[in-house]
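Working notes, structure below.
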Amino acid sequence: MRHFWLTTLLWCCVQVGAMATTWTGEVIHVSDGDTLWVVPEGKSKKVKVRIKGIDAPELCQNWGTQSREALRSHVMGQVVQVHSSELDQYGRTLGQVMLHQQDVGEWLVAQGHAWSYRFKEKEGMYDAQQRAAKSKGVGLYADPKAVRPQWFRKQHGPCSQHTREE
């Protein structure tokens, strides 16, 4: 039985590693501050991409529309590179998005348009950029009452019942 579980675990690890891909495509839509739609080069089907390592305000939350507009003005119509290895719980491709060799998630956090995503108490990918943005008081960090989206959702529920755009 132990051999079965070890074999299963090894197979799962190989499958996850095999799924890691890097691809390029054009951004055709921005849903919110951390989700965009990309058409991979040579394909016709669009892919919904959730930017890894960040959590942007919900659209119905303070700074939500500003976050979406910042991402939209930065990447819309641009060819980006996506480094992806997994899907999130909603079936979106989860990946690092690069534009002209610049990490888009890092840029969003540094500009004060998103938080560095943390799981439990583990440090996020962009915590250093978040600390710098907070110290400068840029973007959403200018508001001392700014609330992380995960806490906002716990208190108010999802924005889909309000105005969330697909």
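Residue numbers start at 1 in each chain; chains themselves are named A, B, ... in the order of the structure tokens; ligands are numbered from 1 in the order shown.
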**OP:** Would you mind listing what lies within 8 Å of Pro149 in chain A as a ChimeraX atom specification, with only C-alpha atoms counted and same-chain residues fewer than 4 positions away left out?
**Re:** /A:55-58,61,153
Would you mind exporting all heavy atoms of the selected residues as a JSON list (two decimals), in the first residue's frame?
[["chain", "number", "residue", "atom", "x", "y", "z"],
["A", 55, "ASP", "N", -2.95, 39.97, -5.53],
["A", 55, "ASP", "CA", -4.38, 39.99, -5.27],
["A", 55, "ASP", "C", -4.83, 41.44, -5.42],
["A", 55, "ASP", "O", -4.48, 42.30, -4.61],
["A", 55, "ASP", "CB", -4.70, 39.46, -3.87],
["A", 55, "ASP", "CG", -6.14, 39.03, -3.70],
["A", 55, "ASP", "OD1", -6.89, 39.02, -4.70],
["A", 55, "ASP", "OD2", -6.52, 38.67, -2.57],
["A", 56, "ALA", "N", -5.54, 41.72, -6.50],
["A", 56, "ALA", "CA", -6.00, 43.08, -6.78],
["A", 56, "ALA", "C", -7.37, 43.30, -6.14],
["A", 56, "ALA", "O", -8.13, 42.35, -5.93],
["A", 56, "ALA", "CB", -6.09, 43.30, -8.29],
["A", 57, "PRO", "N", -7.71, 44.54, -5.86],
["A", 57, "PRO", "CA", -9.02, 44.83, -5.28],
["A", 57, "PRO", "C", -10.15, 44.34, -6.18],
["A", 57, "PRO", "O", -10.03, 44.34, -7.41],
["A", 57, "PRO", "CB", -9.05, 46.36, -5.18],
["A", 57, "PRO", "CG", -7.63, 46.79, -5.26],
["A", 57, "PRO", "CD", -6.92, 45.75, -6.08],
["A", 58, "GLU", "N", -11.24, 43.94, -5.56],
["A", 58, "GLU", "CA", -12.44, 43.55, -6.31],
["A", 58, "GLU", "C", -12.99, 44.79, -7.01],
["A", 58, "GLU", "O", -12.80, 45.91, -6.53],
["A", 58, "GLU", "CB", -13.49, 42.98, -5.35],
["A", 58, "GLU", "CG", -13.05, 41.71, -4.65],
["A", 58, "GLU", "CD", -12.89, 40.54, -5.59],
["A", 58, "GLU", "OE1", -13.69, 40.42, -6.54],
["A", 58, "GLU", "OE2", -11.97, 39.74, -5.39],
["A", 61, "GLN", "N", -14.94, 47.06, -4.92],
["A", 61, "GLN", "CA", -14.17, 47.50, -3.75],
["A", 61, "GLN", "C", -13.45, 48.79, -4.11],
["A", 61, "GLN", "O", -13.16, 49.06, -5.28],
["A", 61, "GLN", "CB", -13.16, 46.39, -3.41],
["A", 61, "GLN", "CG", -12.29, 46.64, -2.22],
["A", 61, "GLN", "CD", -11.32, 45.48, -1.98],
["A", 61, "GLN", "OE1", -11.32, 44.48, -2.67],
["A", 61, "GLN", "NE2", -10.48, 45.64, -0.97],
["A", 153, "ARG", "N", -13.86, 40.13, 0.64],
["A", 153, "ARG", "CA", -14.79, 39.07, 0.21],
["A", 153, "ARG", "C", -15.41, 38.36, 1.41],
["A", 153, "ARG", "O", -16.58, 38.01, 1.38],
["A", 153, "ARG", "CB", -14.05, 38.06, -0.68],
["A", 153, "ARG", "CG", -13.75, 38.59, -2.06],
["A", 153, "ARG", "CD", -13.16, 37.52, -2.96],
["A", 153, "ARG", "NE", -11.87, 37.03, -2.53],
["A", 153, "ARG", "CZ", -10.70, 37.54, -2.91],
["A", 153, "ARG", "NH1", -10.67, 38.56, -3.73],
["A", 153, "ARG", "NH2", -9.57, 37.03, -2.48]]
Original post:
Skipping near chain neighbours, those fewer than 6 positions away, what residues fall within 6 Å of range 115-122 of chain A using only C-alpha atoms, listed as a PyMOL selection string?
Top reply: chain A and resi 53-55+109
Would you save the residues from that selection as a PDB file, in the first residue's frame, using all heavy atoms?
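Written output follows (selection14.pdb):
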ATOM      1  N   GLY A  53       0.792  35.562  -7.798  1.00  0.00           N
ATOM      2  CA  GLY A  53       1.526  36.323  -6.795  1.00  0.00           C
ATOM      3  C   GLY A  53       0.907  37.627  -6.362  1.00  0.00           C
ATOM      4  O   GLY A  53       1.478  38.329  -5.528  1.00  0.00           O
ATOM      5  N   ILE A  54      -0.256  37.982  -6.933  1.00  0.00           N
ATOM      6  CA  ILE A  54      -0.893  39.238  -6.535  1.00  0.00           C
ATOM      7  C   ILE A  54      -2.366  39.016  -6.220  1.00  0.00           C
ATOM      8  O   ILE A  54      -2.952  38.009  -6.599  1.00  0.00           O
ATOM      9  CB  ILE A  54      -0.763  40.338  -7.616  1.00  0.00           C
ATOM     10  CG1 ILE A  54      -1.599  40.008  -8.862  1.00  0.00           C
ATOM     11  CG2 ILE A  54       0.689  40.581  -7.976  1.00  0.00           C
ATOM     12  CD1 ILE A  54      -1.694  41.165  -9.852  1.00  0.00           C
ATOM     13  N   ASP A  55      -2.951  39.970  -5.526  1.00  0.00           N
ATOM     14  CA  ASP A  55      -4.384  39.989  -5.270  1.00  0.00           C
ATOM     15  C   ASP A  55      -4.828  41.442  -5.420  1.00  0.00           C
ATOM     16  O   ASP A  55      -4.476  42.296  -4.614  1.00  0.00           O
ATOM     17  CB  ASP A  55      -4.698  39.460  -3.870  1.00  0.00           C
ATOM     18  CG  ASP A  55      -6.144  39.025  -3.703  1.00  0.00           C
ATOM     19  OD1 ASP A  55      -6.891  39.023  -4.700  1.00  0.00           O
ATOM     20  OD2 ASP A  55      -6.521  38.674  -2.573  1.00  0.00           O
ATOM     21  N   VAL A 109       1.988  45.722  -8.131  1.00  0.00           N
ATOM     22  CA  VAL A 109       2.182  45.906  -6.686  1.00  0.00           C
ATOM     23  C   VAL A 109       3.015  47.160  -6.422  1.00  0.00           C
ATOM     24  O   VAL A 109       2.674  47.980  -5.563  1.00  0.00           O
ATOM     25  CB  VAL A 109       2.835  44.661  -6.043  1.00  0.00           C
ATOM     26  CG1 VAL A 109       3.186  44.918  -4.576  1.00  0.00           C
ATOM     27  CG2 VAL A 109       1.905  43.454  -6.159  1.00  0.00           C
TER      28      VAL A 109
END
**OP:** Do a neighbour search on range 74-83 of chain A at 10 Å with only C-alpha atoms, toss out local chain neighbours closer than 4 positions, and write the hits as a VMD selection string.
**Re:** chain A and resid 20 to 30 36 to 41 49 51 to 52 68 to 70 93 to 104 107 to 108
What are the DSSP helix (DSSP H, G or I) residues of range 23-67 of chain A, as a PDB file with N, CA and C atoms, in the first residue's frame?
ATOM      1  N   GLY A  64     -10.788  49.185  -6.993  1.00  0.00           N
ATOM      2  CA  GLY A  64     -10.965  48.075  -7.926  1.00  0.00           C
ATOM      3  C   GLY A  64     -10.938  48.511  -9.380  1.00  0.00           C
ATOM      4  N   THR A  65     -11.684  49.566  -9.701  1.00  0.00           N
ATOM      5  CA  THR A  65     -11.705  50.016 -11.100  1.00  0.00           C
ATOM      6  C   THR A  65     -10.373  50.657 -11.496  1.00  0.00           C
ATOM      7  N   GLN A  66      -9.725  51.358 -10.567  1.00  0.00           N
ATOM      8  CA  GLN A  66      -8.419  51.953 -10.873  1.00  0.00           C
ATOM      9  C   GLN A  66      -7.385  50.862 -11.145  1.00  0.00           C
ATOM     10  N   SER A  67      -7.458  49.778 -10.389  1.00  0.00           N
ATOM     11  CA  SER A  67      -6.545  48.657 -10.584  1.00  0.00           C
ATOM     12  C   SER A  67      -6.755  48.034 -11.968  1.00  0.00           C
TER      13      SER A  67
END
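Look at Gly139 in chain A: the protein and nucleic acid residues within 6 Å of it, using only C-alpha atoms and passing over chain neighbours fewer than 3 places away, are Gly112, His113 and Ala142 of chain A.
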Original post:
What does the distance from CA of Ala146 in chain A to CA of Tyr90 in chain A come to in Å, to one decimal?
Top reply: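 Taking CA of Ala146 in chain A as the start and CA of Tyr90 in chain A as the end point, the length is 25.3 Å.
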